[in-house]
Every structure is written in structure tokens, then in C-alpha cells.
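Source file: upload.txt. Holds: compact mmCIF, C-alpha atoms and all ligand atoms.
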# COMPACT_ATOMS: atom_id res chain seq x y z
CA MET A 47 -40.78 43.00 -37.85
CA MET A 48 -37.54 44.77 -37.33
CA TYR A 49 -37.53 48.44 -38.17
CA PRO A 50 -36.52 48.81 -41.85
CA LEU A 51 -33.60 51.14 -41.11
CA ILE A 52 -32.21 48.82 -38.41
CA ALA A 53 -32.70 45.79 -40.67
CA GLU A 54 -30.80 47.63 -43.40
CA ILE A 55 -27.92 48.55 -41.06
CA ASN A 56 -27.83 45.00 -39.70
CA SER A 57 -27.68 43.35 -43.09
CA SER A 58 -24.81 45.68 -44.06
CA PHE A 59 -22.74 45.25 -40.92
CA ARG A 60 -23.88 41.84 -39.54
CA MET A 61 -24.11 43.23 -36.03
CA LEU A 62 -26.80 40.87 -34.84
CA PRO A 63 -27.46 37.14 -35.24
CA ASP A 64 -29.98 36.00 -37.85
CA GLN A 65 -33.66 36.24 -36.95
CA ALA A 66 -34.94 32.71 -37.25
CA SER A 67 -37.59 32.25 -34.57
CA SER A 68 -40.97 33.76 -33.77
CA ILE A 69 -39.57 35.86 -30.94
CA SER A 70 -36.29 36.93 -32.58
CA ALA A 71 -37.62 40.23 -33.91
CA ARG A 72 -39.42 41.14 -30.68
CA TYR A 73 -36.31 40.37 -28.69
CA THR A 74 -34.10 42.37 -31.07
CA ASN A 75 -36.45 45.37 -31.01
CA LEU A 76 -36.44 45.46 -27.21
CA PHE A 77 -32.66 45.06 -27.12
CA LEU A 78 -32.13 47.86 -29.64
CA PHE A 79 -34.62 50.13 -27.87
CA MET A 80 -32.77 49.63 -24.58
CA CYS A 81 -29.43 50.25 -26.30
CA LEU A 82 -30.77 53.45 -27.90
CA VAL A 83 -32.25 54.76 -24.62
CA SER A 84 -29.08 53.92 -22.65
CA GLY A 85 -26.88 55.37 -25.40
CA PHE A 86 -28.93 58.58 -25.58
CA ILE A 87 -28.88 59.09 -21.79
CA THR A 88 -25.15 58.34 -21.56
CA LEU A 89 -24.41 60.77 -24.38
CA ALA A 90 -26.69 63.49 -22.95
CA ILE A 91 -25.10 63.25 -19.49
CA ALA A 92 -21.55 63.23 -20.88
CA THR A 93 -22.31 66.25 -23.07
CA CYS A 94 -23.81 68.17 -20.13
CA ILE A 95 -20.77 67.36 -17.93
CA VAL A 96 -18.30 68.66 -20.51
CA TYR A 97 -20.42 71.70 -21.41
CA PHE A 98 -21.06 72.74 -17.77
CA CYS A 99 -17.40 72.16 -16.84
CA VAL A 100 -16.38 74.68 -19.44
CA LYS A 101 -19.25 77.15 -19.05
CA TYR A 102 -19.30 77.32 -15.25
CA ARG A 103 -15.60 76.88 -14.58
CA ARG A 104 -14.15 78.97 -11.73
CA ARG A 105 -12.62 82.10 -13.23
CA SER A 106 -10.78 83.52 -10.16
CA PRO A 107 -9.52 81.78 -6.95
CA ASP A 108 -12.05 83.60 -4.69
CA GLN A 109 -15.11 82.99 -6.87
CA VAL A 110 -18.08 81.44 -4.99
CA GLY A 111 -21.03 79.75 -6.66
CA GLY A 112 -24.38 81.60 -6.65
CA ARG A 113 -27.65 80.19 -5.35
CA LEU A 114 -29.88 78.43 -7.90
CA PRO A 115 -33.62 79.11 -7.87
CA ARG A 116 -35.70 76.00 -7.09
CA GLY A 117 -36.89 74.41 -10.33
CA THR A 118 -39.94 72.36 -9.37
CA TRP A 119 -40.94 71.68 -12.97
CA VAL A 120 -37.42 70.65 -13.89
CA GLU A 121 -37.45 68.14 -11.04
CA ILE A 122 -40.88 66.78 -11.95
CA THR A 123 -39.75 66.40 -15.58
CA TRP A 124 -36.61 64.45 -14.76
CA ILE A 125 -38.51 62.17 -12.44
CA VAL A 126 -41.58 61.54 -14.58
CA ILE A 127 -40.03 61.05 -18.02
CA PRO A 128 -37.34 58.51 -16.99
CA THR A 129 -39.95 56.68 -14.87
CA ILE A 130 -42.24 56.32 -17.88
CA ILE A 131 -39.35 55.10 -20.07
CA ALA A 132 -38.08 52.66 -17.42
CA MET A 133 -41.57 51.28 -16.71
CA GLY A 134 -42.17 50.94 -20.45
CA MET A 135 -39.01 48.86 -20.80
CA TYR A 136 -39.98 46.83 -17.75
CA ILE A 137 -43.46 46.03 -19.07
CA TRP A 138 -42.11 45.30 -22.56
CA GLY A 139 -39.41 43.00 -21.13
CA ALA A 140 -41.71 41.30 -18.63
CA GLU A 141 -44.27 40.55 -21.32
CA LEU A 142 -41.61 39.02 -23.56
CA PHE A 143 -40.18 37.09 -20.61
CA MET A 144 -43.60 35.60 -19.89
CA VAL A 145 -44.09 34.62 -23.54
CA MET A 146 -40.65 32.97 -23.55
CA ASN A 147 -41.46 31.01 -20.40
CA ASP A 148 -44.86 29.76 -21.44
CA PRO A 149 -44.61 27.05 -24.10
CA PRO A 150 -47.84 26.47 -26.06
CA PRO A 151 -49.60 23.26 -24.93
CA ASN A 152 -49.30 21.68 -28.38
CA ALA A 153 -45.52 22.18 -28.53
CA LEU A 154 -43.45 19.30 -29.86
CA GLU A 155 -41.45 17.91 -26.98
CA ILE A 156 -37.79 16.99 -27.38
CA HIS A 157 -35.50 15.76 -24.59
CA VAL A 158 -32.01 17.18 -24.19
CA ILE A 159 -29.30 15.83 -21.91
CA ALA A 160 -26.16 17.89 -21.33
CA LYS A 161 -22.96 16.12 -20.52
CA GLN A 162 -19.35 17.20 -20.32
CA TRP A 163 -19.01 18.01 -23.23
CA MET A 164 -21.81 17.17 -25.55
CA TRP A 165 -25.51 17.64 -26.14
CA LYS A 166 -27.52 14.44 -26.39
CA VAL A 167 -30.92 14.82 -27.98
CA GLN A 168 -33.72 12.25 -27.67
CA HIS A 169 -36.77 12.51 -29.91
CA LEU A 170 -39.92 10.78 -28.75
CA SER A 171 -39.93 8.65 -31.92
CA GLY A 172 -36.74 7.00 -30.68
CA ARG A 173 -34.43 8.95 -32.99
CA ARG A 174 -31.34 10.27 -31.20
CA GLU A 175 -28.58 12.67 -32.10
CA ILE A 176 -25.49 14.23 -30.55
CA ASP A 177 -24.50 17.90 -30.90
CA ALA A 178 -27.32 18.31 -33.39
CA LEU A 179 -30.99 19.15 -33.20
CA HIS A 180 -33.52 18.75 -35.99
CA VAL A 181 -36.77 20.69 -35.69
CA PRO A 182 -39.72 21.39 -37.96
CA LEU A 183 -40.47 24.81 -39.41
CA GLY A 184 -43.37 26.81 -37.98
CA ARG A 185 -44.17 24.49 -35.11
CA PRO A 186 -43.55 25.33 -31.43
CA VAL A 187 -40.80 23.11 -30.05
CA LYS A 188 -40.31 22.61 -26.33
CA LEU A 189 -36.97 21.32 -25.10
CA VAL A 190 -37.05 19.49 -21.78
CA MET A 191 -33.49 19.51 -20.54
CA THR A 192 -31.37 18.12 -17.75
CA SER A 193 -27.68 17.69 -17.08
CA HIS A 194 -25.66 14.61 -16.34
CA ASP A 195 -23.00 16.51 -14.38
CA VAL A 196 -22.59 20.29 -14.02
CA ILE A 197 -24.57 23.36 -15.07
CA HIS A 198 -24.66 23.98 -18.82
CA SER A 199 -26.73 26.42 -20.84
CA PHE A 200 -28.52 25.71 -24.11
CA PHE A 201 -28.15 28.73 -26.37
CA ILE A 202 -29.33 29.29 -29.95
CA PRO A 203 -28.48 32.93 -30.74
CA ASP A 204 -30.46 33.03 -34.01
CA PHE A 205 -33.57 31.97 -32.08
CA ARG A 206 -32.81 34.28 -29.12
CA VAL A 207 -33.26 31.48 -26.59
CA LYS A 208 -30.90 30.56 -23.78
CA GLN A 209 -31.64 28.48 -20.72
CA ASP A 210 -29.52 26.97 -17.98
CA VAL A 211 -29.49 23.18 -17.88
CA LEU A 212 -29.08 21.83 -14.36
CA PRO A 213 -28.32 18.41 -12.90
CA GLY A 214 -31.12 16.83 -10.87
CA ARG A 215 -34.01 18.78 -12.37
CA TYR A 216 -35.66 19.68 -15.64
CA SER A 217 -35.62 23.06 -17.27
CA THR A 218 -37.43 23.96 -20.46
CA GLU A 219 -37.07 26.37 -23.33
CA TRP A 220 -39.27 26.75 -26.38
CA PHE A 221 -39.22 28.39 -29.77
CA THR A 222 -40.91 28.33 -33.15
CA ALA A 223 -38.41 28.29 -36.00
CA THR A 224 -39.41 30.58 -38.86
CA LYS A 225 -36.68 29.93 -41.44
CA VAL A 226 -35.41 26.71 -42.96
CA GLY A 227 -31.66 26.41 -42.52
CA GLN A 228 -28.85 25.57 -40.14
CA TYR A 229 -28.07 27.53 -37.01
CA HIS A 230 -25.35 27.41 -34.39
CA LEU A 231 -26.04 26.00 -30.98
CA PHE A 232 -23.76 26.78 -28.05
CA CYS A 233 -23.19 25.95 -24.42
CA ALA A 234 -23.34 29.34 -22.72
CA GLU A 235 -22.25 28.41 -19.20
CA TYR A 236 -18.62 27.67 -18.42
CA CYS A 237 -18.65 23.94 -17.68
CA GLY A 238 -15.03 22.83 -17.73
CA SER A 239 -12.11 22.55 -20.10
CA GLY A 240 -14.24 21.34 -23.03
CA HIS A 241 -16.82 24.11 -22.69
CA SER A 242 -15.81 25.95 -25.86
CA HIS A 243 -16.23 22.76 -27.90
CA MET A 244 -19.69 22.06 -26.53
CA GLY A 245 -21.82 23.16 -29.42
CA GLY A 246 -23.60 21.92 -32.47
CA VAL A 247 -26.00 22.65 -35.27
CA VAL A 248 -29.74 23.16 -35.25
CA THR A 249 -31.36 22.15 -38.52
CA VAL A 250 -34.77 23.57 -39.35
CA MET A 251 -36.67 21.45 -41.88
CA THR A 252 -40.02 21.76 -43.62
CA PRO A 253 -42.72 19.77 -41.77
CA GLY A 254 -42.73 17.09 -44.50
CA ASP A 255 -38.96 16.61 -44.45
CA TYR A 256 -39.00 16.62 -40.67
CA ALA A 257 -41.68 13.92 -40.45
CA LYS A 258 -39.59 11.74 -42.78
CA TRP A 259 -36.42 12.44 -40.81
CA LEU A 260 -38.13 11.70 -37.49
CA ALA A 261 -39.62 8.42 -38.66
CA ASP A 262 -36.27 7.21 -40.00
CA VAL A 263 -35.31 5.22 -36.91
CA PRO A 264 -33.12 2.11 -37.12
CA THR A 265 -35.03 -1.18 -37.27
CA GLY A 266 -35.84 -2.43 -33.80
CA GLN A 267 -35.30 0.99 -32.23
CA LEU A 268 -38.14 1.65 -29.84
CA SER A 269 -39.88 4.94 -29.31
CA SER A 270 -39.16 6.68 -26.01
CA ALA A 271 -42.46 5.51 -24.51
CA GLN A 272 -41.92 1.92 -25.72
CA ALA A 273 -38.42 1.86 -24.25
CA GLY A 274 -39.88 3.21 -21.01
CA HIS A 275 -42.54 0.52 -20.98
CA MET A 276 -39.88 -2.14 -21.38
CA LEU A 277 -37.87 -0.65 -18.53
CA PHE A 278 -41.00 -0.52 -16.42
CA ASN A 279 -41.31 -4.28 -16.84
CA THR A 280 -37.65 -5.26 -16.57
CA LEU A 281 -36.97 -3.10 -13.50
CA GLY A 282 -39.91 -4.73 -11.77
CA CYS A 283 -41.93 -1.51 -11.39
CA VAL A 284 -44.90 -3.32 -12.84
CA GLN A 285 -44.97 -5.76 -9.92
CA CYS A 286 -46.01 -3.09 -7.41
CA HIS A 287 -47.44 -0.14 -9.33
CA GLY A 288 -51.13 -0.67 -9.70
CA GLN A 289 -51.27 -3.03 -6.71
CA THR A 290 -49.36 -2.09 -3.54
CA ALA A 291 -48.07 1.13 -5.10
CA PRO A 292 -49.94 3.89 -6.94
CA THR A 293 -50.98 3.19 -10.50
CA MET A 294 -49.32 5.07 -13.32
CA ALA A 295 -52.42 5.11 -15.53
CA GLY A 296 -53.70 8.64 -15.95
CA LEU A 297 -51.22 9.93 -13.36
CA TYR A 298 -49.31 12.41 -15.49
CA GLY A 299 -50.38 16.01 -14.92
CA GLN A 300 -52.77 15.12 -12.07
CA ASN A 301 -52.72 16.47 -8.53
CA VAL A 302 -51.30 14.01 -6.02
CA LEU A 303 -52.08 14.07 -2.30
CA LEU A 304 -49.01 13.20 -0.24
CA SER A 305 -48.83 11.52 3.15
CA ASP A 306 -47.83 14.82 4.74
CA GLY A 307 -50.95 16.53 3.41
CA ARG A 308 -49.26 18.44 0.60
CA ILE A 309 -50.70 18.35 -2.90
CA VAL A 310 -48.25 18.27 -5.79
CA VAL A 311 -48.65 18.04 -9.56
CA ALA A 312 -47.36 14.84 -11.15
CA ASP A 313 -45.11 16.59 -13.64
CA LYS A 314 -41.73 15.51 -14.97
CA ASP A 315 -39.80 16.83 -11.97
CA TYR A 316 -42.09 14.98 -9.56
CA LEU A 317 -41.77 11.73 -11.51
CA ARG A 318 -38.00 12.09 -11.74
CA GLU A 319 -37.69 12.74 -8.03
CA SER A 320 -39.95 9.79 -7.25
CA ILE A 321 -37.66 7.53 -9.29
CA VAL A 322 -34.34 8.66 -7.81
CA ASN A 323 -35.55 9.58 -4.34
CA PRO A 324 -38.88 7.80 -3.73
CA ARG A 325 -39.09 8.79 -0.07
CA ALA A 326 -39.06 12.52 -0.78
CA LYS A 327 -42.77 12.57 -1.61
CA VAL A 328 -44.77 9.56 -0.44
CA VAL A 329 -48.31 9.30 -1.79
CA ASN A 330 -51.04 9.42 0.83
CA GLY A 331 -52.17 5.96 1.88
CA TYR A 332 -48.99 4.16 0.75
CA GLN A 333 -45.90 2.96 2.61
CA PRO A 334 -42.43 4.26 1.64
CA LEU A 335 -41.36 0.89 0.28
CA MET A 336 -39.98 1.78 -3.12
CA PRO A 337 -36.20 1.38 -3.52
CA THR A 338 -34.25 4.22 -5.04
CA PHE A 339 -33.09 4.03 -8.64
CA ASP A 340 -30.54 6.79 -8.16
CA LYS A 341 -27.28 6.02 -10.05
CA GLN A 342 -28.89 2.90 -11.52
CA LEU A 343 -30.61 4.64 -14.38
CA SER A 344 -29.19 7.03 -16.93
CA GLU A 345 -30.97 10.34 -17.58
CA GLU A 346 -31.97 8.86 -20.96
CA GLN A 347 -33.68 5.94 -19.22
CA ILE A 348 -35.46 8.26 -16.79
CA PHE A 349 -36.74 10.26 -19.77
CA ASP A 350 -37.98 7.03 -21.35
CA LEU A 351 -39.81 6.02 -18.17
CA ILE A 352 -41.43 9.43 -17.95
CA SER A 353 -42.42 9.28 -21.63
CA TYR A 354 -44.08 5.95 -20.90
CA ILE A 355 -45.97 7.32 -17.89
CA GLN A 356 -46.94 10.35 -19.97
CA SER A 357 -48.26 8.08 -22.71
CA LEU A 358 -50.61 6.46 -20.18
CA ARG A 359 -52.35 9.79 -19.59
CA THR A 360 -54.75 9.17 -22.45
CA GLU A 361 -54.90 6.55 -25.11
CA HIS A 362 -53.89 9.11 -27.73
CA THR A 363 -50.87 11.31 -27.15
CA PRO A 364 -51.22 14.94 -28.18
CA GLU A 365 -50.74 15.26 -31.91
CA GLY A 366 -47.10 15.09 -32.89
CA ASN A 367 -45.77 14.35 -29.42
CA ALA A 368 -45.10 10.83 -30.56
CA THR A 369 -44.88 9.57 -34.08
CA ARG A 370 -46.35 6.26 -33.00
CA PRO A 371 -49.61 5.91 -31.13
CA ALA A 372 -49.17 5.52 -27.39
CA ALA A 373 -51.09 2.27 -27.46
CA ALA A 374 -48.32 0.75 -29.60
CA HIS A 375 -46.13 0.20 -26.56
CA LYS A 376 -48.46 -2.56 -25.47
CA GLN A 377 -47.67 -4.58 -28.57
CA SER A 378 -43.89 -4.34 -28.38
CA PRO A 379 -42.44 -7.74 -27.55
CA PRO A 380 -40.30 -7.47 -24.41
CA ALA A 381 -37.55 -9.53 -26.05
CA GLN A 382 -37.05 -6.84 -28.68
CA LYS A 383 -33.60 -5.36 -28.31
CA ARG A 384 -32.78 -1.71 -28.66
CA ALA A 385 -30.53 -0.88 -31.55
CA GLY A 386 -28.81 1.81 -29.54
CA THR A 387 -26.34 1.03 -26.83
CA GLU A 388 -27.57 3.56 -24.34
CA VAL A 389 -30.36 1.54 -22.81
CA GLN A 390 -29.63 -1.95 -21.61
CA PRO A 391 -32.73 -3.12 -19.86
CU1 LIG B 401 -21.47 22.88 -21.21
CU2 LIG B 401 -20.35 24.95 -21.14
Turn this file's structure into C-alpha cells for me.
Amino acid sequence: MMYPLIAEINSSFRMLPDQASSISARYTNLFLFMCLVSGFITLAIATCIVYFCVKYRRRSPDQVGGRLPRGTWVEITWIVIPTIIAMGMYIWGAELFMVMNDPPPNALEIHVIAKQWMWKVQHLSGRREIDALHVPLGRPVKLVMTSHDVIHSFFIPDFRVKQDVLPGRYSTEWFTATKVGQYHLFCAEYCGSGHSHMGGVVTVMTPGDYAKWLADVPTGQLSSAQAGHMLFNTLGCVQCHGQTAPTMAGLYGQNVLLSDGRIVVADKDYLRESIVNPRAKVVNGYQPLMPTFDKQLSEEQIFDLISYIQSLRTEHTPEGNATRPAAAHKQSPPAQKRAGTEVQP
């Protein structure tokens, strides 16, 4: 909840963006508190400077300042009180930072690819959109993002979330939308001449409307995991993985022992690296035989492959992370063509 007085002032003057996510109000309160504290200290110091300049000005050319008595309690006060205020802001901010960096495990995952100068969004159902993002109301949403070229930043002011999007790795940001409506989405990192046009609209829908929207995929369009499964076959991955190369079944999220003795978690970054640079982390007991797929696959295709590997974790994907059961990929005929043009297996 925002303080009633501040909410009143804000609605009159439109100083702040709308509050449309679960952390908006907490973020705003911290921001306003820091503004008030900084403003108060700035004002107090400025007032003291002016007042003392006038009151203690030199009145004759030979006037010399007197000695001040030592004020131990004054010193203790100006050390202790600002320390308490600063530590309070630090703890408040750190707690919020940790909440913002820890997506709930049941969050709905959506893939985002930044590109000069557009945002491409891939939903696990197979639905795709450009410069637009549809999300359900009241449900945590986790964006897994990467860039095709330079550094971008995914910013939704009304949700108070902003995260850099980098080439060659995944970054995440999460939010829970709390108000149905449309909100601006921006790129917040200068990324070239088209930077200022790199934006879009986030649409928050009721869960029912969202489920309908998500399921409305063109005929023949595969889900992300199904498209990944098809790629897995057509690229020939299936010929080695499970036999001379490690199996993908149940791999996602597990610890992996490498040939150099390190243990890493098979997360999205690990899988991505293993696709584009297979020799970076060789699994213990295997030869570094896999060819690189760097520059041969689009980021969309890499996401699809990872979705497929993720779907092999268990027979049922976490609720809502796919609109079709993971097992469905086994029934998709390989000859089925994607409706979209982005994946040409
Ligand atoms: Cu992308 Cu600025």
C-alpha cells in the first residue's frame, strides 16, 4: 500500500508510473522514503550553511574565531542517527532486491529475445509476438531473456522491473501483474540508432482470457518443446545423445560432473553453452566429440531445444509452464511443418 497522502498527491500530479505489479508499491515506498531522507538532509545542511554564514560572519578585519568546546554527545548523535537511517535503507533495499531476484518456482516462463530493434517474445505454447507481451493477472511471470546482438534492457516502469539483456547468456526478471490493462515496455539501454523505437505494450489479461489467448496458436504451430524435439531429431542430436553422448532425459536442473572435476548445474546457461561451445564443459567420462552449433541456430531455436530438454525432466511439466503436456512432443509427426518462418529444421 502506498501511503494515502502520497497516493493522493500522485494521482493529482501523475509524478510516478502506475502501480501494476506486486512489488510496485514496495518499490515506490522505498524510493519515496529515500527521496524524503535525502531531501530533508540536503535542506537541513543548506539551511545551516546560510544561517551560520550570516550569524558567524566576520565583523572586523582582525576578528579571530574562538575555540569551541568539545561536544561528545553532538558527535555521537550525528554518527549514530545517520548510521541507523542508512542501514535501514540498506536493509530495506537489500530485502527488496532479493525478492526481485528470486522468482517463485511456479512462475510462468516466457522467453524474450532482444534484437536491434525489437523484442521477440516466445510463449511455451508456441505463440509468438513482437514488441508485445501478454501475461495473466495475479500469476508470477518469469522472463528468460537473451540478446541477438548488443546489450538491451527490458523495462516495464508500471511494474518497477528493469533488467539488462545480454548476448551469449540468459538473464531473468519476474513480476506478478496486479491490474488488468496495457502498460508501456521500453528498452532502457542505449543500443544503437533505433533504441528509442525499441518498445512495446504489455497486456495484462484475466487468467481465463489469457488461457484462451495462449492456446490460440496457428494450426500446425508446434509448442516450444515440440519444436525443440523436432530440431533434436533433424540436427542429428538424437544419434549420439543417449548412446555415445550423455542422455538428455532428466538432465535439466541436475548436477553434472565434468571431466575436469567441476560440478555444474544443468541450467539454461549450461545447456546454451553446451550447444554453442560444447568443449567448454565436457561431461566426465565422455570425449569432446560434439560439433559446435554456434551461428547455425537462432536464439529462438536454442530456446526451443532447451524447452525440449526441460520437458524431459519429468513426464509432467510444472503446471502452466506448457499448455500442452510434455509427453505430447512424442506424438508430433516429424514431417509437420512449422507455420512460422523462424524455425526451418
Ligand atoms: Cu535495445 Cu535500447
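If one restricts the calculation to only C-alpha atoms and all ligand atoms, the set of residues situated within 7 Å of ligand LIG 401 (chain B) consists of Ala160, Lys161, Gln162, Trp163, Ile197, His198, Ser199, Cys233, Ala234, Glu235, Tyr236, Cys237, Gly238, His241, Ser242 and Met244 of chain A.
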*For atom CA of Gln289 of chain A and atom CA of Gly331 of chain A, determine how far apart the two atoms are, in Å to one decimal place.*
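So the two atoms, atom CA of Gln289 of chain A and atom CA of Gly331 of chain A, lie 12.5 Å apart.
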Any chance you could tabulate, as a tab-separated table, the residues of segment 109-197 of chain A at most 8 Å from segment 333-345 of chain A with each one's nearest atom pair and distance in Å to one decimal, using only C-alpha atoms, in chain and rising number order?
residue	atom	partner	partner_atom	distance
A:Ile159	CA	A:Glu345	CA	7.2
A:Thr192	CA	A:Glu345	CA	7.8
A:His194	CA	A:Glu345	CA	6.9
*Can you work out which one of A:Gln347, A:Asn323, A:Gln272, A:Thr222 has the shortest atom-to-atom distance to Lys188 of chain A, counting only C-alpha atoms?*
A:Thr222
*For the atom pair atom CA of Gln168 of chain A and atom CA of Ser68 of chain A, what is the interatomic distance in Å to one decimal place?*
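For atom CA of Gln168 of chain A relative to atom CA of Ser68 of chain A, the distance reads 23.5 Å.
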*For Phe79 of chain A, which residue out of A:Ala140, A:Lys208, A:Ile91, A:Met135 is the nearest one, using only C-alpha atoms?*
A:Met135
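Atom CA of Glu219 of chain A to atom CA of Phe200 of chain A spans 8.6 Å [interatomic distance, one decimal].
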Test item: axis-aligned box, all listed atoms of segment 142-160 of chain A, 6 Å on each side, centre and edges in Å rounded to one decimal, as AutoDock Vina command-line options:
--center_x -37.9 --center_y 27.4 --center_z -24.9 --size_x 35.4 --size_y 35.3 --size_z 22.0
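By only C-alpha atoms, and with residues fewer than 6 positions from Asp315 of chain A along its chain excluded, the set lying at most 10 Å from it is Gly214, Arg215, Tyr216, Ser217, Ile321 and Ile352 of chain A.
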Just write the chosen residues, C-alpha atoms, as a PDB file, in the frame of the given file.
ATOM      1  CA  GLY A 214     -31.120  16.830 -10.870  1.00  0.00           C
ATOM      2  CA  ARG A 215     -34.010  18.780 -12.370  1.00  0.00           C
ATOM      3  CA  TYR A 216     -35.660  19.680 -15.640  1.00  0.00           C
ATOM      4  CA  SER A 217     -35.620  23.060 -17.270  1.00  0.00           C
ATOM      5  CA  ILE A 321     -37.660   7.530  -9.290  1.00  0.00           C
ATOM      6  CA  ILE A 352     -41.430   9.430 -17.950  1.00  0.00           C
TER       7      ILE A 352
END
*asked:* So, with only C-alpha atoms as the atoms that count, which of A:Asn152, A:Ser357, A:Thr123, A:Ser67 lies closest to Ala273 of chain A?
replied: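 The closest residue to Ala273 of chain A is A:Ser357.
For Arg185 of chain A, the list of residues within 8 Å, based on all atoms listed in the file and with local chain neighbours fewer than 6 positions off taken out, reads A:Ala153, A:Leu154, A:Thr222, A:Ala223.
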_Of the listed residues A:Phe143, A:Tyr256, A:Trp165, A:Trp138, that which approaches Val207 of chain A most closely, counting all atoms listed in the file_ =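 Checking each candidate against Val207 of chain A, we get A:Phe143 as the closest.
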*Might you pull out every residue within 9 Å of Ser70 of chain A, with only C-alpha atoms counted and same-chain residues fewer than 3 positions away left off, and present them as a ChimeraX atom specification?*
/A:64-67,73-75,203-207
For segment 195-211 of chain A of the structure just presented, write N, CA and C atoms to a file, as a short mmCIF file (atom, residue, chain, number, x, y, z; two decimals), in the first residue's frame.
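New file decode11.cif:
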data_model
loop_
_atom_site.label_atom_id
_atom_site.label_comp_id
_atom_site.auth_asym_id
_atom_site.auth_seq_id
_atom_site.Cartn_x
_atom_site.Cartn_y
_atom_site.Cartn_z
N ASP A 195 22.26 -9.44 -30.37
CA ASP A 195 23.38 -8.60 -30.79
C ASP A 195 24.04 -7.87 -29.62
N VAL A 196 23.50 -6.73 -29.23
CA VAL A 196 24.17 -5.90 -28.21
C VAL A 196 23.39 -5.95 -26.90
N ILE A 197 23.82 -5.17 -25.92
CA ILE A 197 23.12 -5.15 -24.63
C ILE A 197 21.86 -4.29 -24.75
N HIS A 198 20.74 -4.85 -24.34
CA HIS A 198 19.48 -4.12 -24.24
C HIS A 198 19.03 -4.20 -22.79
N SER A 199 17.92 -3.59 -22.48
CA SER A 199 17.39 -3.68 -21.12
C SER A 199 15.88 -3.67 -21.17
N PHE A 200 15.28 -4.67 -20.53
CA PHE A 200 13.82 -4.84 -20.58
C PHE A 200 13.20 -4.11 -19.39
N PHE A 201 12.42 -3.08 -19.69
CA PHE A 201 11.96 -2.18 -18.64
C PHE A 201 10.45 -1.97 -18.73
N ILE A 202 9.74 -2.30 -17.65
CA ILE A 202 8.30 -2.01 -17.57
C ILE A 202 8.12 -1.10 -16.35
N PRO A 203 8.07 0.21 -16.57
CA PRO A 203 8.01 1.14 -15.42
C PRO A 203 6.84 0.87 -14.47
N ASP A 204 5.66 0.56 -15.03
CA ASP A 204 4.49 0.36 -14.16
C ASP A 204 4.64 -0.88 -13.27
N PHE A 205 5.53 -1.78 -13.65
CA PHE A 205 5.78 -2.98 -12.84
C PHE A 205 7.02 -2.81 -11.97
N ARG A 206 7.77 -1.74 -12.20
CA ARG A 206 9.03 -1.47 -11.50
C ARG A 206 10.06 -2.59 -11.72
N VAL A 207 10.14 -3.09 -12.92
CA VAL A 207 11.17 -4.09 -13.22
C VAL A 207 12.01 -3.63 -14.40
N LYS A 208 13.30 -3.84 -14.28
CA LYS A 208 14.23 -3.48 -15.36
C LYS A 208 15.42 -4.42 -15.25
N GLN A 209 15.80 -5.01 -16.37
CA GLN A 209 16.91 -5.96 -16.33
C GLN A 209 17.67 -5.91 -17.64
N ASP A 210 18.99 -5.86 -17.55
CA ASP A 210 19.80 -5.89 -18.76
C ASP A 210 19.63 -7.23 -19.48
N VAL A 211 19.66 -7.18 -20.79
CA VAL A 211 19.53 -8.37 -21.62
C VAL A 211 20.82 -8.46 -22.44
#
